[in-house]
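Containing compact mmCIF, C-alpha atoms: input34.txt.
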```txt
# COMPACT_ATOMS: atom_id res chain seq x y z
CA MET Q 1 0.00 0.00 0.00
CA THR Q 2 1.25 3.49 -0.83
CA GLY Q 3 0.04 6.88 0.26
CA LEU Q 4 -2.00 7.88 3.25
CA ALA Q 5 -4.93 5.71 4.30
CA SER Q 6 -7.30 8.69 4.41
CA LYS Q 7 -10.96 8.83 3.49
CA PHE Q 8 -10.21 12.12 1.72
CA ALA Q 9 -9.08 12.10 -1.90
CA SER Q 10 -7.12 15.32 -1.32
CA PRO Q 11 -5.77 17.26 1.65
CA ASP Q 12 -8.02 20.14 0.52
CA GLU Q 13 -11.04 18.02 1.51
CA SER Q 14 -9.95 17.61 5.15
CA PRO Q 15 -11.79 20.10 7.39
CA GLY Q 16 -9.28 19.50 10.17
CA LEU Q 17 -6.28 20.27 7.98
CA LEU Q 18 -8.01 23.31 6.51
CA LEU Q 19 -8.85 24.59 10.00
CA TRP Q 20 -5.22 24.05 11.04
CA GLN Q 21 -3.91 25.96 8.01
CA VAL Q 22 -6.38 28.85 8.36
CA GLY Q 23 -5.79 28.98 12.13
CA ASN Q 24 -2.04 29.26 11.61
CA ARG Q 25 -2.48 32.08 9.09
CA TRP Q 26 -4.92 33.90 11.39
CA GLN Q 27 -2.59 33.52 14.40
CA ALA Q 28 0.32 34.94 12.40
CA ALA Q 29 -1.81 37.93 11.39
CA GLN Q 30 -2.87 38.50 15.01
CA ARG Q 31 0.74 38.24 16.26
CA ALA Q 32 1.73 40.96 13.79
CA ALA Q 33 -1.23 43.16 14.80
CA LEU Q 34 -0.44 42.83 18.52
CA LYS Q 35 3.34 43.21 18.27
CA PRO Q 36 3.27 47.04 18.60
CA PHE Q 37 1.41 46.61 21.91
CA GLY Q 38 3.88 44.11 23.35
CA LEU Q 39 1.12 41.53 23.80
CA THR Q 40 0.81 37.92 22.77
CA HIS Q 41 -2.58 36.88 21.50
CA VAL Q 42 -3.44 34.94 24.66
CA GLN Q 43 -2.42 37.96 26.77
CA PHE Q 44 -4.73 40.13 24.70
CA VAL Q 45 -7.60 37.64 24.95
CA LEU Q 46 -7.33 37.45 28.74
CA LEU Q 47 -6.96 41.22 29.10
CA ALA Q 48 -9.93 41.93 26.83
CA ALA Q 49 -12.09 39.25 28.44
CA LEU Q 50 -11.26 40.54 31.92
CA THR Q 51 -12.28 44.03 30.80
CA TRP Q 52 -15.61 42.65 29.55
CA LEU Q 53 -16.29 40.46 32.58
CA GLU Q 54 -15.29 43.07 35.15
CA ALA Q 55 -18.20 45.28 34.10
CA SER Q 56 -20.51 42.70 35.74
CA GLY Q 57 -18.68 42.55 39.06
CA PRO Q 58 -15.73 40.72 40.63
CA VAL Q 59 -14.03 38.20 38.34
CA THR Q 60 -12.43 34.95 39.44
CA GLN Q 61 -9.63 33.26 37.59
CA LYS Q 62 -11.93 30.29 36.95
CA ALA Q 63 -14.59 32.54 35.40
CA LEU Q 64 -11.97 34.11 33.13
CA ALA Q 65 -10.58 30.73 32.06
CA ASP Q 66 -14.10 29.42 31.44
CA MET Q 67 -15.09 32.42 29.31
CA THR Q 68 -11.92 32.28 27.21
CA VAL Q 69 -11.84 28.46 27.08
CA THR Q 70 -8.21 28.48 28.20
CA ASP Q 71 -6.34 25.98 30.32
CA PRO Q 72 -6.47 27.09 33.99
CA MET Q 73 -2.72 26.56 34.52
CA MET Q 74 -1.81 28.52 31.40
CA THR Q 75 -4.31 31.22 32.39
CA SER Q 76 -2.57 31.54 35.75
CA GLN Q 77 0.86 31.85 34.11
CA VAL Q 78 -0.31 34.48 31.64
CA LEU Q 79 -2.06 36.45 34.40
CA ARG Q 80 1.19 36.49 36.39
CA ALA Q 81 2.97 38.01 33.38
CA LEU Q 82 0.20 40.61 32.97
CA GLU Q 83 0.35 41.36 36.69
CA ALA Q 84 4.13 41.83 36.50
CA ARG Q 85 3.56 44.43 33.77
CA GLY Q 86 1.05 46.28 35.96
CA LEU Q 87 -1.89 45.49 33.65
CA VAL Q 88 -3.91 43.43 36.13
CA HIS Q 89 -3.99 43.07 39.90
CA ARG Q 90 -5.62 40.74 42.41
CA PRO Q 91 -7.61 42.62 45.05
CA PRO Q 92 -9.43 40.74 47.81
CA HIS Q 93 -12.69 39.23 46.60
CA PRO Q 94 -15.55 41.31 48.09
CA ARG Q 95 -17.75 38.27 48.87
CA ASP Q 96 -15.17 35.59 49.72
CA ARG Q 97 -12.53 36.51 52.31
CA ARG Q 98 -10.36 33.56 51.29
CA ALA Q 99 -10.31 34.40 47.57
CA ARG Q 100 -8.75 37.02 45.35
CA ALA Q 101 -10.54 38.66 42.47
CA LEU Q 102 -8.96 39.68 39.19
CA ALA Q 103 -9.09 43.32 38.21
CA ILE Q 104 -7.71 45.27 35.30
CA THR Q 105 -5.64 48.36 36.04
CA ALA Q 106 -6.22 51.68 34.29
CA GLU Q 107 -3.09 50.98 32.20
CA GLY Q 108 -4.40 47.51 31.32
CA ARG Q 109 -7.80 48.86 30.30
CA ALA Q 110 -6.19 51.54 28.12
CA LEU Q 111 -3.92 48.96 26.46
CA ALA Q 112 -6.83 46.54 25.88
CA ASN Q 113 -8.89 49.33 24.30
CA GLN Q 114 -6.02 50.34 22.01
CA ALA Q 115 -5.18 46.75 21.04
CA VAL Q 116 -8.79 45.76 20.33
CA ILE Q 117 -8.88 48.30 17.50
CA ALA Q 118 -5.89 46.61 15.84
CA VAL Q 119 -7.27 43.12 16.51
CA GLU Q 120 -10.67 43.91 15.04
CA GLU Q 121 -9.08 45.57 11.99
CA CYS Q 122 -6.92 42.47 11.53
CA ASP Q 123 -10.03 40.28 11.72
CA ARG Q 124 -11.89 42.54 9.28
CA ASN Q 125 -9.07 42.18 6.75
CA PHE Q 126 -8.51 38.47 7.36
CA PHE Q 127 -12.17 37.48 7.06
CA SER Q 128 -13.03 39.90 4.24
CA PRO Q 129 -12.96 37.14 1.58
CA LEU Q 130 -16.07 35.69 3.25
CA ASP Q 131 -18.10 38.79 2.34
CA ASP Q 132 -21.81 38.16 2.98
CA SER Q 133 -21.20 34.66 4.40
CA LEU Q 134 -19.30 35.97 7.45
CA GLY Q 135 -22.44 35.80 9.62
CA ASP Q 136 -22.98 32.14 8.72
CA PHE Q 137 -19.30 31.44 9.41
CA VAL Q 138 -19.59 32.98 12.89
CA ILE Q 139 -22.68 30.86 13.58
CA ALA Q 140 -20.77 27.74 12.49
CA LEU Q 141 -17.85 28.68 14.76
CA ARG Q 142 -20.22 29.04 17.72
CA ARG Q 143 -21.54 25.54 17.01
CA LEU Q 144 -17.99 24.14 16.88
CA ARG Q 145 -17.07 25.94 20.12
CA GLN Q 146 -19.55 23.83 22.07
CA PRO Q 147 -18.10 20.78 23.80
CA ALA Q 148 -18.52 17.60 21.80
CA PRO Q 149 -21.34 15.39 23.09
CA ASP Q 150 -20.26 12.23 24.87
CA HIS Q 151 -20.42 9.21 22.61
```
Render the structure in this file as structure tokens.
Amino acid sequence: MTGLASKFASPDESPGLLLWQVGNRWQAAQRAALKPFGLTHVQFVLLAALTWLEASGPVTQKALADMTVTDPMMTSQVLRALEARGLVHRPPHPRDRRARALAITAEGRALANQAVIAVEECDRNFFSPLDDSLGDFVIALRRLRQPAPDH
């Protein structure tokens, strides 16, 4: 037997490979957009999500990791780096004396609000080939974001 034992006649038929390729291109575009701000993409995502979540009250690290669908250990490491830069801090949680909340500093909020402009412009350019089908693509992404049902 020669070749790959795939059910696809061509690599261009594999949704997983296509997602991998597109994801790599999108990540490279985002890295370039965020470079002037000194942020990695995951740092930006956590900073932006914290800014969003904080408007509703105290934010826990678990709530931030859940919203961003990031690994809790990695979330903790990235938050430490953001804290070292003075972009986030951990005040006492107002309802749980044993816990700490996450809070964005004024500098962190300003940086997130500057970076989001570049990130959204990057997305606008990257996804522009989808034209009128962008809404359907976003709906499909939301469906894929859901955890797979147990089989």
Best match for closeness to Leu102 (chain Q) among Q:Val78, Q:Ala84, Q:Leu64, Q:Ala48, counting only C-alpha atoms:
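That would be Q:Leu64, the residue with the smallest distance to Leu102 (chain Q).
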Would you mind reading off the distance between CA of His89 (chain Q) and CA of Glu120 (chain Q), one decimal, in Å?
25.8 Å
So, with all atoms listed in the file as the atoms that count, which of Q:Ala29, Q:Phe8, Q:Thr60, Q:His41 lies closest to Arg100 (chain Q)?
Q:Thr60
Which is closer to Pro91 (chain Q) than all the others in Q:Val138, Q:Ile117, Q:Ala49, Q:Ile104, using only C-alpha atoms?
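Counting only C-alpha atoms, the residue closest to Pro91 (chain Q) is Q:Ile104.
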From the options Q:Lys35, Q:Ala28, Q:Thr105, Q:Arg142, which residue's atoms come nearest to Glu54 (chain Q), counting only C-alpha atoms?
Q:Thr105
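Using all atoms listed in the file, the smallest distance between any of Q:Leu134, Q:Cys122, Q:Leu46, Q:Leu144 and Leu34 (chain Q) comes from Q:Cys122.
Distances to Thr75 (chain Q) were evaluated for Q:Val116, Q:Leu87, Q:Val42, Q:Ala55 using all atoms listed in the file, and the minimum falls at Q:Val42.
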With all atoms of region 28-47 of chain Q from the file as input, state the centre and edge lengths in Å to one decimal of the axis-aligned box that has 5 Å extra on each side, as lines of an AutoDock Vina configuration file.
```
center_x = -1.9
center_y = 41.0
center_z = 20.2
size_x = 21.5
size_y = 22.1
size_z = 27.7
```
Separation of CA of Thr51 (chain Q) from CA of Val69 (chain Q) in Å:
16.0 Å
Between CA of Arg145 (chain Q) and CA of Asp71 (chain Q) - distance in Å to one decimal:
14.8 Å
Quick test: take region 95-111 of chain Q, keep N, CA, C and O atoms, and write it as a short mmCIF file (atom, residue, chain, number, x, y, z; two decimals), in the first residue's frame.
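Final file, selection_26.cif:
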```
data_model
loop_
_atom_site.label_atom_id
_atom_site.label_comp_id
_atom_site.auth_asym_id
_atom_site.auth_seq_id
_atom_site.Cartn_x
_atom_site.Cartn_y
_atom_site.Cartn_z
N ARG Q 95 -16.79 39.18 48.25
CA ARG Q 95 -17.75 38.27 48.87
C ARG Q 95 -17.12 37.01 49.45
O ARG Q 95 -17.81 36.22 50.09
N ASP Q 96 -15.83 36.79 49.22
CA ASP Q 96 -15.17 35.59 49.72
C ASP Q 96 -13.82 35.99 50.31
O ASP Q 96 -12.88 36.28 49.58
N ARG Q 97 -13.75 36.04 51.64
CA ARG Q 97 -12.53 36.51 52.31
C ARG Q 97 -11.30 35.69 51.96
O ARG Q 97 -10.19 36.18 52.04
N ARG Q 98 -11.50 34.44 51.58
CA ARG Q 98 -10.36 33.56 51.29
C ARG Q 98 -9.86 33.72 49.86
O ARG Q 98 -8.77 33.27 49.54
N ALA Q 99 -10.64 34.35 48.99
CA ALA Q 99 -10.31 34.40 47.57
C ALA Q 99 -9.79 35.77 47.15
O ALA Q 99 -9.98 36.77 47.85
N ARG Q 100 -9.18 35.78 46.00
CA ARG Q 100 -8.75 37.02 45.35
C ARG Q 100 -9.56 37.16 44.07
O ARG Q 100 -9.88 36.18 43.40
N ALA Q 101 -9.88 38.37 43.74
CA ALA Q 101 -10.54 38.66 42.47
C ALA Q 101 -9.47 39.04 41.47
O ALA Q 101 -8.30 39.25 41.84
N LEU Q 102 -9.84 39.14 40.22
CA LEU Q 102 -8.96 39.68 39.19
C LEU Q 102 -9.52 41.04 38.81
O LEU Q 102 -10.73 41.21 38.70
N ALA Q 103 -8.64 41.99 38.62
CA ALA Q 103 -9.09 43.32 38.21
C ALA Q 103 -8.08 43.90 37.23
O ALA Q 103 -6.88 43.65 37.34
N ILE Q 104 -8.58 44.63 36.29
CA ILE Q 104 -7.71 45.27 35.30
C ILE Q 104 -7.32 46.64 35.83
O ILE Q 104 -8.13 47.32 36.46
N THR Q 105 -6.08 47.03 35.62
CA THR Q 105 -5.64 48.36 36.04
C THR Q 105 -6.03 49.36 34.96
O THR Q 105 -6.42 48.98 33.85
N ALA Q 106 -5.91 50.64 35.28
CA ALA Q 106 -6.22 51.68 34.29
C ALA Q 106 -5.30 51.52 33.07
O ALA Q 106 -5.75 51.66 31.92
N GLU Q 107 -4.04 51.19 33.31
CA GLU Q 107 -3.09 50.98 32.20
C GLU Q 107 -3.52 49.76 31.37
O GLU Q 107 -3.46 49.79 30.13
N GLY Q 108 -3.94 48.70 32.03
CA GLY Q 108 -4.40 47.51 31.32
C GLY Q 108 -5.63 47.77 30.49
O GLY Q 108 -5.74 47.31 29.34
N ARG Q 109 -6.57 48.52 31.04
CA ARG Q 109 -7.80 48.86 30.30
C ARG Q 109 -7.46 49.71 29.08
O ARG Q 109 -7.98 49.47 27.98
N ALA Q 110 -6.58 50.68 29.25
CA ALA Q 110 -6.19 51.54 28.12
C ALA Q 110 -5.51 50.71 27.03
O ALA Q 110 -5.81 50.88 25.84
N LEU Q 111 -4.61 49.80 27.43
CA LEU Q 111 -3.92 48.96 26.46
C LEU Q 111 -4.91 48.03 25.74
O LEU Q 111 -4.85 47.87 24.51
#
```
